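Data block below; observations after.
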Amino acid sequence: MLGLQRETSSMYKRTSSRDYSPMVDVEDSSGLLLENEVNKEMETTNPSWKCSLPHVLVATISSFLFGYHLGVVNEPLESISSDLGFSGDTLAEGLVVSVCLGGAFIGSLFSGGVADGFGRRRAFQLCALPMILGAFISGVSNSLAVMLLGRFLVGTGMGLGPPVAALYVTEVSPAFVRGTFGSFIQIATCLGLMAALFIGIPVHNITGWWRVCFWLSTIPAALLALGMFLCAESPQWLFKQGKIAEAEAEFERLLGGSHVKTAMAELYKLDLDKTDEPDVVSLSELLYGRHSRVVFIGSTLFALQQLSGINAVFYFSSTVFKSAGVPSDLGNIFVGVSNLLGSVIAMVLMDKVGRKLLLLWSFIGMAVAMALQVGATSSYLPHFSALCLSVGGTLAFVLTFALGAGPVPGLLLPEIFPSRIRAKAMAFCMSVHWVINFFVGLLFLRLLEQLGPRLLYSMFSTFCLMAVMFVKRNVIETKGKTLQEIEISLLAKP
């Protein structure tokens with residue numbers, strides 16, 4: 001503690017000549033100095049977004065890989081099963097698709113410890129390694145067991161990547177464009193899904209092309225691992241490690257020299273406002289400690305995101321388009337374009353209308369789109385009208401999901417989680433996400449068979465309306481606020 005006080009004192013003494021008033025005693029005058037610093041921040045212009053943009057773009061390669069590996073087996077699955085000798089075995093085919101989810105769950109469980117223990121940059125590199133190795137193994141596999149091993153390894157990287165990407169983008173982005181930069185994660189995921197779709201098109205005409213589909217993914221994974229050597233480390237993580245000078249240097253790279261002292265002053269203010277807390281974050285603290293409410297909000301948002309039926313829509317969209325006479329390839333393109341269009345609109349609006357409003361209108365739109373799907377099942381409608389409602393409802397659901405419910409939770413949660421628990425809390429919430437995702441995928445077809453599409457889609461629409469009420473009551477707006485301002489405001493609440 002004495003060492004930390006010396007570091008704090010030396011920091012303020014170094015900067016007092018330009019930005020701080022002279023001080024005799026650090027503890028007595030730190031509050032005044034920090035208050036002056038916050039006032040000065042209001043008078044200064046925003047830092048240039050161009051400084052942090054390259055670092056954000058490199059980080060979103062992990063999201064591109066996430067989307068790519070989600071969709072890479074969709075088109076080639078028939079060829080894979082034929083070449084590896086399990087054609088017609090629906091259980092084996094399901095395992096090839098879903099074993100990634102098991103790996104992703106494991107990866108997400110460890111993501112918080114990896115991000116806090118090794119830093120954000122090293123976490124990205126550790127995320128890339130199993131993706132490279134797993135993709136290579138999948139590409140050279142000659143049996144189901146080897147394929148499953150490769151897919152599991154890829155899944156661990158998929159589980160590690162998204163929470164670290166959300167952490168990193170949130171921590172290195174200037175407050176006034178943090179929502180816009182956070183939307184890049186969803187856009188990169190959409191581009192990855194679409195890339196997997198287009199790369200998989202020749203699989204029916206070229207023997208063994210599915211192996212190339214896996215091998216090509218090693219290129220962006222290698223770029224991610226190498227690119228992180230050139231990127232900045234999270235200043236918040238460096239500050240937590242006591243590496244004050246390095247945190248200042250990274251702030252200068254990300255925000256520009258004129259904003260370093262303001263950013264550091266906010267970190268010190270937050271540090272001084274905290275009571276003594278243990279360094280290790282336990283599961284019981286996340287569930288029952290002083291920050292349990294924000295963890296509950298985060299995990300519930302991810303659960304409602306999955307219970308809204310988004311994966312069911314993705315799974316069932318090919319059948320909807322086939323019934324309308326639209327080829328599945330073209331239908332997948334329509335879904336991909338809707339997803340991408342919604343993500344781009346969200347990027348434009350995120351820092352203008354705010355996170356909460358986007359979430360509210362997104363879930364309302366999804367509920368209406370699901371209601372269209374319910375209406376399409378009515379026996380009173382002409383066949384053509386029912387098909388139009390079904391196709392229109394599917395595309396509207398994907399579009400409105402991409403407007404808010406898709407990108408916002410991954411951006412909002414790192415903003416509202418205090419810096420000390422941010423990585424572990426994100427890991428916990430992403431684990432909830434993967435568990436719900438797994439069970440929705442596992443039970444969807446059985447529920448569809450037993451309950452019918454009308455009742456099942458009505459349930460999804462109800463979950464969307466429940467999400468609207470939950471967001472309205474519990475989610476705070478974070479637009480334009482620094483991470484330190486958000487944390488201080490949350491700590492001030494009873």
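In the structure tokens, chains take letters A, B, ... by order of appearance, with residues numbered from 1 within each chain and ligands from 1 in the order shown.
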For A:Met426, find every residue with an atom within 10 Å (counting only C-alpha atoms), except residues of its own chain fewer than 2 positions away, and show them as JSON, numbers by chain. {"A": [108, 109, 111, 112, 162, 163, 164, 166, 167, 295, 298, 299, 410, 413, 414, 417, 421, 422, 423, 424, 428, 429, 430, 431, 432]}
Near A:Trp361, within 12 Å and counting only C-alpha atoms, which residues show up once chain neighbours fewer than 3 positions away are dropped, as number ranges by chain? A: 346, 353-358, 364-368, 397, 399-405, 408, 464-465, 467-469, 471-472
With only C-alpha atoms as the atoms that count, which of A:Gly150, A:Gly155, A:Gly102, A:Gly342 lies nearest to A:Phe439?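 Under the stated criterion, the closest residue is A:Gly102.
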Using only C-alpha atoms, determine which residues lie at most 10 Å from A:Leu340, disregarding the query and same-chain residues fewer than 2 positions distant; provide the list as a list in words.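 These residues fall inside the cut-off: Gln186, Ile187, Ala188, Thr189, Cys190, Leu191, Leu193, Met194, Phe334, Val335, Gly336, Val337, Ser338, Gly342, Ser343, Val344, Ile345, Ala346, Val398, Leu399, Ala402 and Leu403 of chain A.
Taking atom CA of A:Tyr268 and atom CA of A:Gly256 as the two end points, the separation is 18.9 Å.
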